[in-house]
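Asker: File coords35.pdb below, PDB, C-alpha atoms and all ligand atoms:
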ATOM      1  CA  MET Q   1     -92.693  83.763 179.534
ATOM      2  CA  THR Q   2     -89.126  83.823 178.324
ATOM      3  CA  THR Q   3     -86.795  86.199 180.069
ATOM      4  CA  THR Q   4     -84.072  87.816 178.067
ATOM      5  CA  VAL Q   5     -81.488  89.968 179.767
ATOM      6  CA  PRO Q   6     -80.416  92.635 177.288
ATOM      7  CA  GLN Q   7     -76.821  92.457 176.217
ATOM      8  CA  PRO Q   8     -74.845  95.492 175.048
ATOM      9  CA  SER Q   9     -75.337  94.090 171.594
ATOM     10  CA  ALA Q  10     -76.162  90.881 169.869
ATOM     11  CA  THR Q  11     -72.805  90.540 168.188
ATOM     12  CA  ALA Q  12     -70.156  92.596 169.992
ATOM     13  CA  ASP Q  13     -67.994  91.100 172.759
ATOM     14  CA  PRO Q  14     -69.062  92.293 176.175
ATOM     15  CA  GLY Q  15     -66.771  95.073 177.280
ATOM     16  CA  ARG Q  16     -65.613  95.859 173.795
ATOM     17  CA  LEU Q  17     -66.606  99.275 172.534
ATOM     18  CA  SER Q  18     -67.944  99.869 169.045
ATOM     19  CA  GLY Q  19     -66.994 102.710 166.756
ATOM     20  CA  LEU Q  20     -68.991 104.180 163.915
ATOM     21  CA  GLU Q  21     -67.773 105.341 160.525
ATOM     22  CA  SER Q  22     -69.564 106.968 157.622
ATOM     23  CA  ARG Q  23     -68.119 106.484 154.158
ATOM     24  CA  SER Q  24     -69.078 108.835 151.380
ATOM     25  CA  VAL Q  25     -72.602 109.408 152.652
ATOM     26  CA  SER Q  26     -74.834 111.586 150.465
ATOM     27  CA  ALA Q  27     -78.484 112.336 151.194
ATOM     28  CA  TRP Q  28     -81.519 113.708 149.403
ATOM     29  CA  PHE Q  29     -85.031 114.865 150.201
ATOM     30  CA  GLY Q  30     -86.713 114.322 146.848
ATOM     31  CA  SER Q  31     -84.445 116.040 144.325
ATOM     32  CA  HIS Q  32     -82.883 118.306 146.974
ATOM     33  CA  LYS Q  33     -79.411 117.030 147.816
ATOM     34  CA  VAL Q  34     -78.592 117.947 151.415
ATOM     35  CA  LEU Q  35     -75.382 115.989 152.136
ATOM     36  CA  GLU Q  36     -72.427 115.374 149.854
ATOM     37  CA  ARG Q  37     -69.991 112.505 150.424
ATOM     38  CA  VAL Q  38     -69.620 112.784 154.176
ATOM     39  CA  SER Q  39     -66.873 110.498 155.500
ATOM     40  CA  LEU Q  40     -66.259 110.589 159.215
ATOM     41  CA  ALA Q  41     -64.770 108.215 161.779
ATOM     42  CA  MET Q  42     -66.439 108.401 165.182
ATOM     43  CA  PRO Q  43     -63.991 106.519 167.402
ATOM     44  CA  ALA Q  44     -65.114 103.946 169.966
ATOM     45  CA  GLY Q  45     -65.573 105.289 173.497
ATOM     46  CA  GLU Q  46     -65.117 108.892 172.428
ATOM     47  CA  VAL Q  47     -67.457 111.852 172.143
ATOM     48  CA  THR Q  48     -67.589 113.287 168.618
ATOM     49  CA  ALA Q  49     -69.179 116.729 168.198
ATOM     50  CA  LEU Q  50     -70.877 117.819 164.962
ATOM     51  CA  ILE Q  51     -70.905 121.581 164.547
ATOM     52  CA  GLY Q  52     -72.002 123.985 161.803
ATOM     53  CA  PRO Q  53     -74.726 126.506 160.928
ATOM     54  CA  SER Q  54     -78.417 125.579 160.841
ATOM     55  CA  GLY Q  55     -79.504 123.747 157.726
ATOM     56  CA  CYS Q  56     -76.118 122.200 156.888
ATOM     57  CA  GLY Q  57     -77.403 118.656 157.410
ATOM     58  CA  LYS Q  58     -76.246 117.714 160.915
ATOM     59  CA  SER Q  59     -79.601 116.279 162.006
ATOM     60  CA  THR Q  60     -80.014 114.491 158.690
ATOM     61  CA  PHE Q  61     -76.558 112.946 159.118
ATOM     62  CA  LEU Q  62     -77.438 111.837 162.664
ATOM     63  CA  ARG Q  63     -80.671 110.219 161.427
ATOM     64  CA  ILE Q  64     -78.702 108.383 158.750
ATOM     65  CA  LEU Q  65     -76.468 106.973 161.491
ATOM     66  CA  ASN Q  66     -79.328 104.971 163.004
ATOM     67  CA  ARG Q  67     -81.550 104.363 159.991
ATOM     68  CA  MET Q  68     -84.157 106.962 160.916
ATOM     69  CA  HIS Q  69     -83.589 108.916 157.682
ATOM     70  CA  GLU Q  70     -85.384 106.255 155.663
ATOM     71  CA  MET Q  71     -88.530 106.849 157.745
ATOM     72  CA  VAL Q  72     -88.848 110.324 156.170
ATOM     73  CA  ARG Q  73     -91.033 110.399 153.056
ATOM     74  CA  GLY Q  74     -89.019 111.028 149.886
ATOM     75  CA  ALA Q  75     -85.669 110.569 151.627
ATOM     76  CA  ALA Q  76     -82.805 108.788 149.857
ATOM     77  CA  LEU Q  77     -79.160 108.163 150.584
ATOM     78  CA  ALA Q  78     -75.939 106.744 149.198
ATOM     79  CA  GLY Q  79     -72.802 105.529 150.921
ATOM     80  CA  GLU Q  80     -72.056 103.284 153.878
ATOM     81  CA  VAL Q  81     -72.270 103.490 157.657
ATOM     82  CA  LEU Q  82     -70.024 101.003 159.376
ATOM     83  CA  LEU Q  83     -70.725  99.782 162.897
ATOM     84  CA  ASP Q  84     -67.893  97.456 163.900
ATOM     85  CA  ASP Q  85     -66.849  97.367 160.245
ATOM     86  CA  GLU Q  86     -70.256  96.137 159.114
ATOM     87  CA  ASP Q  87     -72.594  98.308 157.038
ATOM     88  CA  ILE Q  88     -75.797  99.082 158.964
ATOM     89  CA  TYR Q  89     -77.465  99.313 155.530
ATOM     90  CA  ARG Q  90     -76.328  95.862 154.466
ATOM     91  CA  HIS Q  91     -79.096  94.065 152.647
ATOM     92  CA  GLY Q  92     -81.307  92.145 155.049
ATOM     93  CA  ARG Q  93     -80.220  94.005 158.173
ATOM     94  CA  ARG Q  94     -83.233  95.036 160.231
ATOM     95  CA  PRO Q  95     -83.612  98.754 161.040
ATOM     96  CA  ALA Q  96     -85.059  97.922 164.489
ATOM     97  CA  GLU Q  97     -81.947  95.911 165.371
ATOM     98  CA  VAL Q  98     -79.730  98.805 164.248
ATOM     99  CA  ARG Q  99     -81.754 101.293 166.310
ATOM    100  CA  ARG Q 100     -81.418  99.071 169.367
ATOM    101  CA  ARG Q 101     -77.643  99.321 169.126
ATOM    102  CA  ILE Q 102     -77.624 102.986 168.141
ATOM    103  CA  GLY Q 103     -79.890 105.112 170.365
ATOM    104  CA  MET Q 104     -81.021 108.712 169.875
ATOM    105  CA  VAL Q 105     -81.759 111.589 172.247
ATOM    106  CA  PHE Q 106     -83.505 114.653 170.832
ATOM    107  CA  GLN Q 107     -83.412 118.395 171.408
ATOM    108  CA  ARG Q 108     -86.736 118.537 173.276
ATOM    109  CA  PRO Q 109     -86.906 116.112 176.186
ATOM    110  CA  ASN Q 110     -89.765 113.787 175.233
ATOM    111  CA  PRO Q 111     -90.608 111.480 178.132
ATOM    112  CA  PHE Q 112     -94.171 110.181 178.329
ATOM    113  CA  PRO Q 113     -95.411 112.906 180.711
ATOM    114  CA  ALA Q 114     -98.168 110.934 182.446
ATOM    115  CA  MET Q 115     -96.105 107.743 182.740
ATOM    116  CA  SER Q 116     -94.072 107.102 185.904
ATOM    117  CA  ILE Q 117     -90.333 107.696 185.946
ATOM    118  CA  ALA Q 118     -89.716 103.943 186.249
ATOM    119  CA  ASP Q 119     -92.074 103.068 183.399
ATOM    120  CA  ASN Q 120     -90.516 105.757 181.222
ATOM    121  CA  VAL Q 121     -87.133 104.061 181.555
ATOM    122  CA  ALA Q 122     -88.671 100.641 180.954
ATOM    123  CA  SER Q 123     -90.585 101.916 177.912
ATOM    124  CA  GLY Q 124     -87.297 101.897 175.988
ATOM    125  CA  LEU Q 125     -87.127  98.133 176.492
ATOM    126  CA  LYS Q 126     -90.708  97.636 175.409
ATOM    127  CA  LEU Q 127     -90.219  99.653 172.221
ATOM    128  CA  ALA Q 128     -87.123  97.591 171.423
ATOM    129  CA  GLY Q 129     -89.066  94.367 172.023
ATOM    130  CA  ILE Q 130     -86.850  93.306 174.947
ATOM    131  CA  LYS Q 131     -88.523  91.289 177.701
ATOM    132  CA  VAL Q 132     -87.092  91.269 181.209
ATOM    133  CA  GLY Q 133     -88.263  89.693 184.476
ATOM    134  CA  ARG Q 134     -89.487  91.903 187.317
ATOM    135  CA  GLU Q 135     -86.282  91.716 189.374
ATOM    136  CA  HIS Q 136     -84.060  92.401 186.391
ATOM    137  CA  ARG Q 137     -86.369  95.200 185.329
ATOM    138  CA  ASP Q 138     -86.033  97.075 188.635
ATOM    139  CA  GLN Q 139     -82.265  96.639 188.626
ATOM    140  CA  LEU Q 140     -82.025  97.780 185.031
ATOM    141  CA  ILE Q 141     -84.120 100.875 185.783
ATOM    142  CA  GLU Q 142     -81.839 101.733 188.690
ATOM    143  CA  ASP Q 143     -78.657 101.107 186.691
ATOM    144  CA  SER Q 144     -79.913 103.203 183.769
ATOM    145  CA  LEU Q 145     -80.931 106.098 186.025
ATOM    146  CA  ARG Q 146     -77.542 105.927 187.763
ATOM    147  CA  GLN Q 147     -75.722 105.961 184.423
ATOM    148  CA  ALA Q 148     -77.763 108.980 183.346
ATOM    149  CA  GLY Q 149     -76.897 110.740 186.621
ATOM    150  CA  LEU Q 150     -80.521 110.940 187.778
ATOM    151  CA  TRP Q 151     -80.804 108.186 190.390
ATOM    152  CA  ASN Q 152     -79.981 110.306 193.446
ATOM    153  CA  GLU Q 153     -82.656 112.829 192.521
ATOM    154  CA  VAL Q 154     -85.484 110.361 191.833
ATOM    155  CA  SER Q 155     -84.806 107.132 193.759
ATOM    156  CA  GLY Q 156     -87.500 107.956 196.334
ATOM    157  CA  ARG Q 157     -90.214 108.796 193.798
ATOM    158  CA  LEU Q 158     -89.957 106.385 190.903
ATOM    159  CA  SER Q 159     -93.738 106.208 190.598
ATOM    160  CA  THR Q 160     -94.251 109.956 190.051
ATOM    161  CA  PRO Q 161     -94.968 111.055 186.474
ATOM    162  CA  GLY Q 162     -92.013 111.868 184.211
ATOM    163  CA  GLY Q 163     -93.744 115.145 183.348
ATOM    164  CA  ALA Q 164     -93.295 116.336 186.952
ATOM    165  CA  LEU Q 165     -89.511 116.540 186.545
ATOM    166  CA  SER Q 166     -87.625 119.694 185.519
ATOM    167  CA  GLY Q 167     -86.522 120.045 181.886
ATOM    168  CA  GLY Q 168     -82.959 118.993 182.667
ATOM    169  CA  GLN Q 169     -84.150 115.987 184.666
ATOM    170  CA  GLN Q 170     -86.507 115.012 181.839
ATOM    171  CA  GLN Q 171     -83.603 115.068 179.406
ATOM    172  CA  ARG Q 172     -81.565 112.782 181.703
ATOM    173  CA  LEU Q 173     -84.660 110.558 181.985
ATOM    174  CA  CYS Q 174     -84.658 110.304 178.178
ATOM    175  CA  ILE Q 175     -80.967 109.420 178.286
ATOM    176  CA  ALA Q 176     -81.768 106.704 180.865
ATOM    177  CA  ARG Q 177     -84.531 105.364 178.600
ATOM    178  CA  SER Q 178     -82.054 105.101 175.722
ATOM    179  CA  LEU Q 179     -79.402 103.481 177.927
ATOM    180  CA  ALA Q 180     -81.796 100.831 179.271
ATOM    181  CA  VAL Q 181     -81.674  99.079 175.913
ATOM    182  CA  GLY Q 182     -77.892  98.723 176.184
ATOM    183  CA  PRO Q 183     -76.838 100.640 173.060
ATOM    184  CA  ASP Q 184     -73.272 100.721 171.765
ATOM    185  CA  ILE Q 185     -73.723 104.215 170.357
ATOM    186  CA  LEU Q 186     -75.713 107.196 171.623
ATOM    187  CA  LEU Q 187     -76.635 109.964 169.177
ATOM    188  CA  MET Q 188     -77.638 113.303 170.715
ATOM    189  CA  ASP Q 189     -79.205 116.064 168.607
ATOM    190  CA  GLU Q 190     -78.701 119.371 170.441
ATOM    191  CA  PRO Q 191     -79.640 117.743 173.753
ATOM    192  CA  CYS Q 192     -79.140 120.943 175.749
ATOM    193  CA  SER Q 193     -80.645 123.583 173.441
ATOM    194  CA  ALA Q 194     -83.909 123.627 175.382
ATOM    195  CA  LEU Q 195     -82.194 123.672 178.811
ATOM    196  CA  ASP Q 196     -81.017 126.413 181.172
ATOM    197  CA  PRO Q 197     -77.257 126.717 181.860
ATOM    198  CA  THR Q 198     -77.349 124.753 185.136
ATOM    199  CA  SER Q 199     -79.286 121.841 183.602
ATOM    200  CA  THR Q 200     -76.957 122.004 180.603
ATOM    201  CA  ARG Q 201     -73.904 121.537 182.806
ATOM    202  CA  ARG Q 202     -75.603 118.606 184.565
ATOM    203  CA  VAL Q 203     -76.266 116.886 181.226
ATOM    204  CA  GLU Q 204     -72.655 117.585 180.195
ATOM    205  CA  LYS Q 205     -71.507 115.876 183.407
ATOM    206  CA  THR Q 206     -73.562 112.823 182.420
ATOM    207  CA  ILE Q 207     -71.985 112.839 178.952
ATOM    208  CA  ALA Q 208     -68.527 113.042 180.511
ATOM    209  CA  GLU Q 209     -69.328 110.083 182.763
ATOM    210  CA  LEU Q 210     -70.649 108.032 179.837
ATOM    211  CA  ARG Q 211     -67.474 108.618 177.860
ATOM    212  CA  GLY Q 212     -65.492 105.420 177.689
ATOM    213  CA  GLN Q 213     -68.624 103.322 178.374
ATOM    214  CA  LEU Q 214     -70.106 103.876 174.959
ATOM    215  CA  THR Q 215     -69.563 105.951 171.826
ATOM    216  CA  ILE Q 216     -71.336 109.313 171.642
ATOM    217  CA  VAL Q 217     -72.075 111.623 168.706
ATOM    218  CA  ILE Q 218     -73.479 115.004 169.706
ATOM    219  CA  VAL Q 219     -74.766 117.893 167.584
ATOM    220  CA  THR Q 220     -74.267 121.236 169.306
ATOM    221  CA  HIS Q 221     -74.409 124.938 168.472
ATOM    222  CA  ASN Q 222     -72.562 125.741 171.670
ATOM    223  CA  MET Q 223     -68.839 126.028 170.925
ATOM    224  CA  GLN Q 224     -67.900 125.950 174.616
ATOM    225  CA  GLN Q 225     -69.915 122.777 174.991
ATOM    226  CA  ALA Q 226     -68.194 121.148 172.011
ATOM    227  CA  GLN Q 227     -64.849 121.901 173.636
ATOM    228  CA  ARG Q 228     -65.951 120.735 177.084
ATOM    229  CA  VAL Q 229     -67.466 117.391 176.074
ATOM    230  CA  SER Q 230     -65.877 116.170 172.838
ATOM    231  CA  GLN Q 231     -62.557 114.654 171.872
ATOM    232  CA  SER Q 232     -63.126 114.894 168.142
ATOM    233  CA  CYS Q 233     -65.114 117.359 166.117
ATOM    234  CA  ALA Q 234     -66.440 117.783 162.575
ATOM    235  CA  PHE Q 235     -67.418 121.127 161.030
ATOM    236  CA  PHE Q 236     -70.265 120.914 158.481
ATOM    237  CA  LEU Q 237     -71.142 123.635 155.994
ATOM    238  CA  ALA Q 238     -73.700 124.091 153.194
ATOM    239  CA  SER Q 239     -74.566 127.008 150.976
ATOM    240  CA  HIS Q 240     -77.650 127.815 148.893
ATOM    241  CA  ASP Q 241     -76.297 125.802 145.954
ATOM    242  CA  THR Q 242     -74.010 123.248 147.628
ATOM    243  CA  PRO Q 243     -75.159 120.407 149.863
ATOM    244  CA  GLY Q 244     -73.779 120.004 153.372
ATOM    245  CA  ARG Q 245     -70.297 118.582 153.606
ATOM    246  CA  ILE Q 246     -67.521 118.336 156.128
ATOM    247  CA  VAL Q 247     -65.094 121.239 155.779
ATOM    248  CA  GLU Q 248     -62.772 119.975 158.468
ATOM    249  CA  ALA Q 249     -62.645 117.249 161.114
ATOM    250  CA  GLY Q 250     -60.107 116.274 163.732
ATOM    251  CA  PRO Q 251     -59.241 116.352 167.422
ATOM    252  CA  THR Q 252     -61.427 119.015 169.074
ATOM    253  CA  GLU Q 253     -58.525 120.835 170.685
ATOM    254  CA  ARG Q 254     -56.704 121.156 167.378
ATOM    255  CA  LEU Q 255     -59.812 122.173 165.434
ATOM    256  CA  PHE Q 256     -60.450 125.044 167.845
ATOM    257  CA  SER Q 257     -56.862 126.151 168.475
ATOM    258  CA  ASP Q 258     -55.408 125.664 165.029
ATOM    259  CA  PRO Q 259     -58.091 125.290 162.325
ATOM    260  CA  VAL Q 260     -56.752 124.570 158.853
ATOM    261  CA  ASP Q 261     -59.647 126.043 156.868
ATOM    262  CA  PRO Q 262     -60.413 129.783 157.273
ATOM    263  CA  ARG Q 263     -64.150 128.980 157.301
ATOM    264  CA  THR Q 264     -63.636 126.750 160.342
ATOM    265  CA  ALA Q 265     -61.710 129.546 162.048
ATOM    266  CA  ASP Q 266     -64.548 131.979 161.313
ATOM    267  CA  TYR Q 267     -67.199 129.605 162.601
ATOM    268  CA  VAL Q 268     -65.504 128.511 165.830
ATOM    269  CA  ASN Q 269     -64.680 132.139 166.607
ATOM    270  CA  GLY Q 270     -68.283 133.234 166.134
ATOM    271  CA  ARG Q 271     -67.730 135.152 162.893
ATOM    272  CA  PHE Q 272     -70.513 133.435 160.940
TER
HETATM  273  P1  LIG G   1     -79.236 120.962 160.587
HETATM  274  O1  LIG G   1     -79.584 119.914 161.575
HETATM  275  O2  LIG G   1     -77.772 121.118 160.357
HETATM  276  O3  LIG G   1     -79.877 122.285 160.928
HETATM  277  P2  LIG G   1     -80.979 119.476 158.784
HETATM  278  O4  LIG G   1     -80.379 118.131 158.656
HETATM  279  O5  LIG G   1     -82.138 119.636 159.693
HETATM  280  O6  LIG G   1     -79.824 120.541 159.169
HETATM  281  O7  LIG G   1     -81.418 119.993 157.350
HETATM  282  C1  LIG G   1     -80.583 119.925 156.209
HETATM  283  C2  LIG G   1     -81.370 120.322 154.976
HETATM  284  O8  LIG G   1     -82.360 119.338 154.738
HETATM  285  C3  LIG G   1     -82.101 121.650 155.102
HETATM  286  O9  LIG G   1     -82.055 122.283 153.850
HETATM  287  C4  LIG G   1     -83.517 121.238 155.441
HETATM  288  O10 LIG G   1     -84.426 122.187 154.977
HETATM  289  C5  LIG G   1     -83.658 119.921 154.699
HETATM  290  N1  LIG G   1     -84.593 118.995 155.378
HETATM  291  C6  LIG G   1     -84.487 118.515 156.637
HETATM  292  N2  LIG G   1     -85.496 117.668 156.923
HETATM  293  C7  LIG G   1     -86.277 117.624 155.814
HETATM  294  C8  LIG G   1     -87.483 116.919 155.468
HETATM  295  N3  LIG G   1     -88.084 116.095 156.334
HETATM  296  N4  LIG G   1     -87.978 117.114 154.231
HETATM  297  C9  LIG G   1     -87.367 117.942 153.347
HETATM  298  N5  LIG G   1     -86.243 118.622 153.600
HETATM  299  C10 LIG G   1     -85.695 118.474 154.825
HETATM  300 MG    MG G   2     -80.625 120.024 163.394
END
Any chance you could put this one into C-alpha cells?
Answerer:
Amino acid sequence: MTTTVPQPSATADPGRLSGLESRSVSAWFGSHKVLERVSLAMPAGEVTALIGPSGCGKSTFLRILNRMHEMVRGAALAGEVLLDDEDIYRHGRRPAEVRRRIGMVFQRPNPFPAMSIADNVASGLKLAGIKVGREHRDQLIEDSLRQAGLWNEVSGRLSTPGGALSGGQQQRLCIARSLAVGPDILLMDEPCSALDPTSTRRVEKTIAELRGQLTIVIVTHNMQQAQRVSQSCAFFLASHDTPGRIVEAGPTERLFSDPVDPRTADYVNGRF
C-alpha cells in the first residue's frame, strides 16, 4: 500500500498561507437570482466574517467558495473565485481537489455519532481519498484534535463514540475532522448557532488559535462574535426584489465603529 502524508496543499509552498477572493460572483437557483456581483477579498491568515439578515445569500456564497453550490439541483453561478490567484472554477479543475483545500464546518455539528472520536477525525481523510500509515494516522488525529482545542478533553477516550460528546465538543470534533485533511481555507457556516454560550466561547477560542495558521471565513448572526473573532467583515443584504449583495466590507473594527452606509449602521446596531 502506498503511504501519502497529506500536505497543506498540492501546489502551495509549505508555510505559505493562501487567501481567497471572489470576483463578481452572481448565483441563481433556477430563475431566482440570489447573489449579485459579489466581490470580496478574504485575506490569507485572517478571519473574515459574513454578516447580514437571513436569506441574503451568505450560505450560498460560502458554498460557492468550495464548489458545493454546483451540487444543488438547478443551481448556477457566474464570476470567479480565486485561490492563490487561480480560479477554483477553471476548466478541468476537480471539485474534490478544491474541497480538500477548502473545508467546511456547518451549523449543526455532524460527527458520525456511532463512530469513535478517532475514526471521526480520520473519516475526513478517507472522504478526501488520502491514505496514511497507522503511525502517521495516530499522530495526525492527535495533531488535529490539538489544533481544534479538543485533545485535552478526549485524549483518554479516543475510542468512545463521537455522539457521546457535548454539542460544543462535537463541533470541535467536526473542526478537527476538517483540519485533518490539511486545508488552506476553513469555511464555517454559523458554527455556534446551535451551541450554548460557554461552548460558543470555547469554539471562538479555537478560531482565535487557528488564526494565522489558515484562512477562515465565518458566517455569524452574533455581532459580538463577529467583533471578537474577525479582522475583516462583509455586510450582505437582499430585499424581495433585489438579490443579495455586499453593502459594505472592510476591517471589522471600522465597520462596527464607523460604518459608511446607514443600512450597515442599522444592522450592526440591531435596528433591523
Ligand atoms: P442566508 O444563508 O444568508 O440565510 P441562503 O444562502 O441560505 O441565505 O439563501 C439565499 C436565498 O437563496 C434565499 O432566498 C433562499 O430561499 C434561496 N435558496 C437557498 N438554498 C436554496 C435551494 N437549495 N434551492 C432554492 N433556493 C434556495
Ligand atoms: Mg445561512
Asker: With 8 Å on each side, where is the centre of the axis-aligned box around all listed atoms of ligand LIG 1 (chain G), and how long are its edges in Å to one decimal, as JSON?
Answerer:
{"center_x": -82.9, "center_y": 119.2, "center_z": 157.5, "size_x": 26.3, "size_y": 22.2, "size_z": 24.2}
Asker: Around ligand LIG 1 (chain G), out to 6 Å and counting all atoms listed in the file, which residues are there? I want them as a list in words.
Answerer: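 Listing the residues within 6 Å of ligand LIG 1 (chain G) gives Phe29, Val34, Ser54, Gly55, Cys56, Gly57, Lys58, Ser59, Thr60 and Val72 of chain Q.
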Asker: Output C-alpha atoms for every residue in that selection, as a PDB file, keeping the file's coordinate frame.
Answerer:
ATOM      1  CA  PHE Q  29     -85.031 114.865 150.201  1.00  0.00           C
ATOM      2  CA  VAL Q  34     -78.592 117.947 151.415  1.00  0.00           C
ATOM      3  CA  SER Q  54     -78.417 125.579 160.841  1.00  0.00           C
ATOM      4  CA  GLY Q  55     -79.504 123.747 157.726  1.00  0.00           C
ATOM      5  CA  CYS Q  56     -76.118 122.200 156.888  1.00  0.00           C
ATOM      6  CA  GLY Q  57     -77.403 118.656 157.410  1.00  0.00           C
ATOM      7  CA  LYS Q  58     -76.246 117.714 160.915  1.00  0.00           C
ATOM      8  CA  SER Q  59     -79.601 116.279 162.006  1.00  0.00           C
ATOM      9  CA  THR Q  60     -80.014 114.491 158.690  1.00  0.00           C
ATOM     10  CA  VAL Q  72     -88.848 110.324 156.170  1.00  0.00           C
TER      11      VAL Q  72
END
Asker: Around ligand MG 2 (chain G), which protein and nucleic acid residues have at least one atom no more than 12 Å from it, if we count all atoms listed in the file? List them as a list of chain:residue names.
Answerer: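 What falls inside 12 Å of ligand MG 2 (chain G) is Q:Leu50, Q:Ile51, Q:Gly52, Q:Pro53, Q:Ser54, Q:Gly55, Q:Cys56, Q:Gly57, Q:Lys58, Q:Ser59, Q:Thr60, Q:Phe61, Q:Leu62, Q:Arg63, Q:Phe106, Q:Gln107, Q:Arg108, Q:Met188, Q:Asp189, Q:Glu190, Q:Pro191, Q:Ser193, Q:Ile218, Q:Val219, Q:Thr220, Q:His221, Q:Phe236.
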Asker: Which residue out of Q:Ala27, Q:Ala194, Q:Ile175, Q:Leu150 has the minimum interatomic distance to Glu70 of chain Q when only C-alpha atoms are used?
Answerer: Q:Ala27
Asker: Write out as a ChimeraX atom specification each polymer residue whose atoms come within 10 Å of Arg157 of chain Q, counting all atoms listed in the file; drop sequence neighbours fewer than 4 positions from it.
Answerer: /Q:116-118,153,161
Asker: Looking at all atoms listed in the file, which of Q:Leu35, Q:Ala78, Q:Ile102, Q:Leu17 is the one that sits closest to Thr242 of chain Q?
Answerer: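 Among the listed residues, Q:Leu35 lies closest to Thr242 of chain Q.
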Asker: Find the distance between atom CA of Ala208 of chain Q and atom CA of Val229 of chain Q and write it in Å to one decimal.
Answerer: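 We find that atom CA of Ala208 of chain Q and atom CA of Val229 of chain Q lie 6.3 Å from each other.
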Asker: Taking into account all atoms listed in the file, which residue in the set Q:Pro109, Q:Pro259, Q:Gly163, Q:Gly103 is nearest to Gly182 of chain Q?
Answerer: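 Closest to Gly182 of chain Q, using all atoms listed in the file: Q:Gly103.
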Asker: Taking the file above as input, evaluate the PyMOL selection byres (((chain Q and resi 88-100) around 10) and not hetatm) and report the hits as a VMD selection string.
Answerer: chain Q and resid 8 to 10 20 64 to 68 70 78 to 87 101 to 104 124 to 125 127 to 130 178 to 179 181 to 186
Asker: Just the residues within 8 Å of Asn110 of chain Q, please, counting all atoms listed in the file, with nothing from its chain fewer than 2 positions along; format it as a short mmCIF file (atom, residue, chain, number, x, y, z; two decimals) with C-alpha atoms, keeping the file's coordinate frame.
Answerer:
data_model
loop_
_atom_site.label_atom_id
_atom_site.label_comp_id
_atom_site.auth_asym_id
_atom_site.auth_seq_id
_atom_site.Cartn_x
_atom_site.Cartn_y
_atom_site.Cartn_z
CA PHE Q 106 -83.50 114.65 170.83
CA ARG Q 108 -86.74 118.54 173.28
CA PHE Q 112 -94.17 110.18 178.33
CA PRO Q 113 -95.41 112.91 180.71
CA GLN Q 170 -86.51 115.01 181.84
CA GLN Q 171 -83.60 115.07 179.41
CA CYS Q 174 -84.66 110.30 178.18
#
Asker: Carefully work through the PyMOL selection byres (((chain Q and resi 245) around 6) and not hetatm) for this structure and note down the residues it includes, as a PDB file with C-alpha atoms, keeping the file's coordinate frame.
Answerer:
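New file selection-v6.pdb:
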ATOM      1  CA  LEU Q  35     -75.382 115.989 152.136  1.00  0.00           C
ATOM      2  CA  GLU Q  36     -72.427 115.374 149.854  1.00  0.00           C
ATOM      3  CA  VAL Q  38     -69.620 112.784 154.176  1.00  0.00           C
ATOM      4  CA  PHE Q 236     -70.265 120.914 158.481  1.00  0.00           C
ATOM      5  CA  LEU Q 237     -71.142 123.635 155.994  1.00  0.00           C
ATOM      6  CA  GLY Q 244     -73.779 120.004 153.372  1.00  0.00           C
ATOM      7  CA  ILE Q 246     -67.521 118.336 156.128  1.00  0.00           C
TER       8      ILE Q 246
END
Asker: Ranking Q:Met223, Q:Ala180, Q:Ala238, Q:Ala49 by minimum distance to Ala265 of chain Q and counting all atoms listed in the file, which one comes first?
Answerer: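 The answer is Q:Met223, which sits nearest to Ala265 of chain Q.
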Asker: Given only C-alpha atoms as the basis, pick out the residue of Q:Thr215, Q:Gln227, Q:Gln169, Q:Ser22 nearest to Pro43 of chain Q.
Answerer: Q:Thr215
Asker: Identify which of the residues Q:Ala176, Q:Asp241, Q:Trp28, Q:Gln231 lies closest to Leu255 of chain Q, counting all atoms listed in the file when measuring atom-to-atom distances.
Answerer: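 Under the stated criterion, the closest residue is Q:Gln231.
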Asker: Work out how far apart atom CA of Leu165 of chain Q and atom CA of Arg137 of chain Q are and give it in Å to one decimal.
Answerer: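 Result for atom CA of Leu165 of chain Q versus atom CA of Arg137 of chain Q: 21.6 Å, one decimal.
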Asker: Using the chain letters and numbers from the file, give me the residues hit by the PyMOL selection byres (((chain Q and resi 248) around 6) and not hetatm), as number ranges by chain.
Answerer: Q: 234-235, 246-247, 249
Asker: May I have the protein, DNA and RNA residues with an atom at most 7 Å from (-60.7, 118.7, 169.3), counting all atoms listed in the file in the file's coordinates, returned as a VMD selection string?
Answerer: chain Q and resid 227 230 to 233 250 to 256
Asker: Between atom CA of Arg134 of chain Q and atom CA of Arg146 of chain Q, what is the spacing in Å?
Answerer: 18.4 Å
Asker: Could you please fill out segment 118-125 of chain Q with N, CA and C atoms and send it back as a PDB file, keeping the file's coordinate frame?
Answerer:
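Generated file (selection_9.pdb):
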ATOM      1  N   ALA Q 118     -90.173 105.324 186.469  1.00  0.00           N
ATOM      2  CA  ALA Q 118     -89.716 103.943 186.249  1.00  0.00           C
ATOM      3  C   ALA Q 118     -90.223 103.391 184.917  1.00  0.00           C
ATOM      4  N   ASP Q 119     -91.504 103.596 184.651  1.00  0.00           N
ATOM      5  CA  ASP Q 119     -92.074 103.068 183.399  1.00  0.00           C
ATOM      6  C   ASP Q 119     -91.488 103.764 182.174  1.00  0.00           C
ATOM      7  N   ASN Q 120     -91.157 105.055 182.330  1.00  0.00           N
ATOM      8  CA  ASN Q 120     -90.516 105.757 181.222  1.00  0.00           C
ATOM      9  C   ASN Q 120     -89.207 105.070 180.842  1.00  0.00           C
ATOM     10  N   VAL Q 121     -88.410 104.731 181.840  1.00  0.00           N
ATOM     11  CA  VAL Q 121     -87.133 104.061 181.555  1.00  0.00           C
ATOM     12  C   VAL Q 121     -87.406 102.706 180.901  1.00  0.00           C
ATOM     13  N   ALA Q 122     -88.367 101.972 181.470  1.00  0.00           N
ATOM     14  CA  ALA Q 122     -88.671 100.641 180.954  1.00  0.00           C
ATOM     15  C   ALA Q 122     -89.310 100.683 179.569  1.00  0.00           C
ATOM     16  N   SER Q 123     -89.913 101.829 179.213  1.00  0.00           N
ATOM     17  CA  SER Q 123     -90.585 101.916 177.912  1.00  0.00           C
ATOM     18  C   SER Q 123     -89.599 101.730 176.761  1.00  0.00           C
ATOM     19  N   GLY Q 124     -88.323 102.106 177.016  1.00  0.00           N
ATOM     20  CA  GLY Q 124     -87.297 101.897 175.988  1.00  0.00           C
ATOM     21  C   GLY Q 124     -87.159 100.423 175.648  1.00  0.00           C
ATOM     22  N   LEU Q 125     -87.241  99.588 176.689  1.00  0.00           N
ATOM     23  CA  LEU Q 125     -87.127  98.133 176.492  1.00  0.00           C
ATOM     24  C   LEU Q 125     -88.304  97.617 175.685  1.00  0.00           C
TER      25      LEU Q 125
END
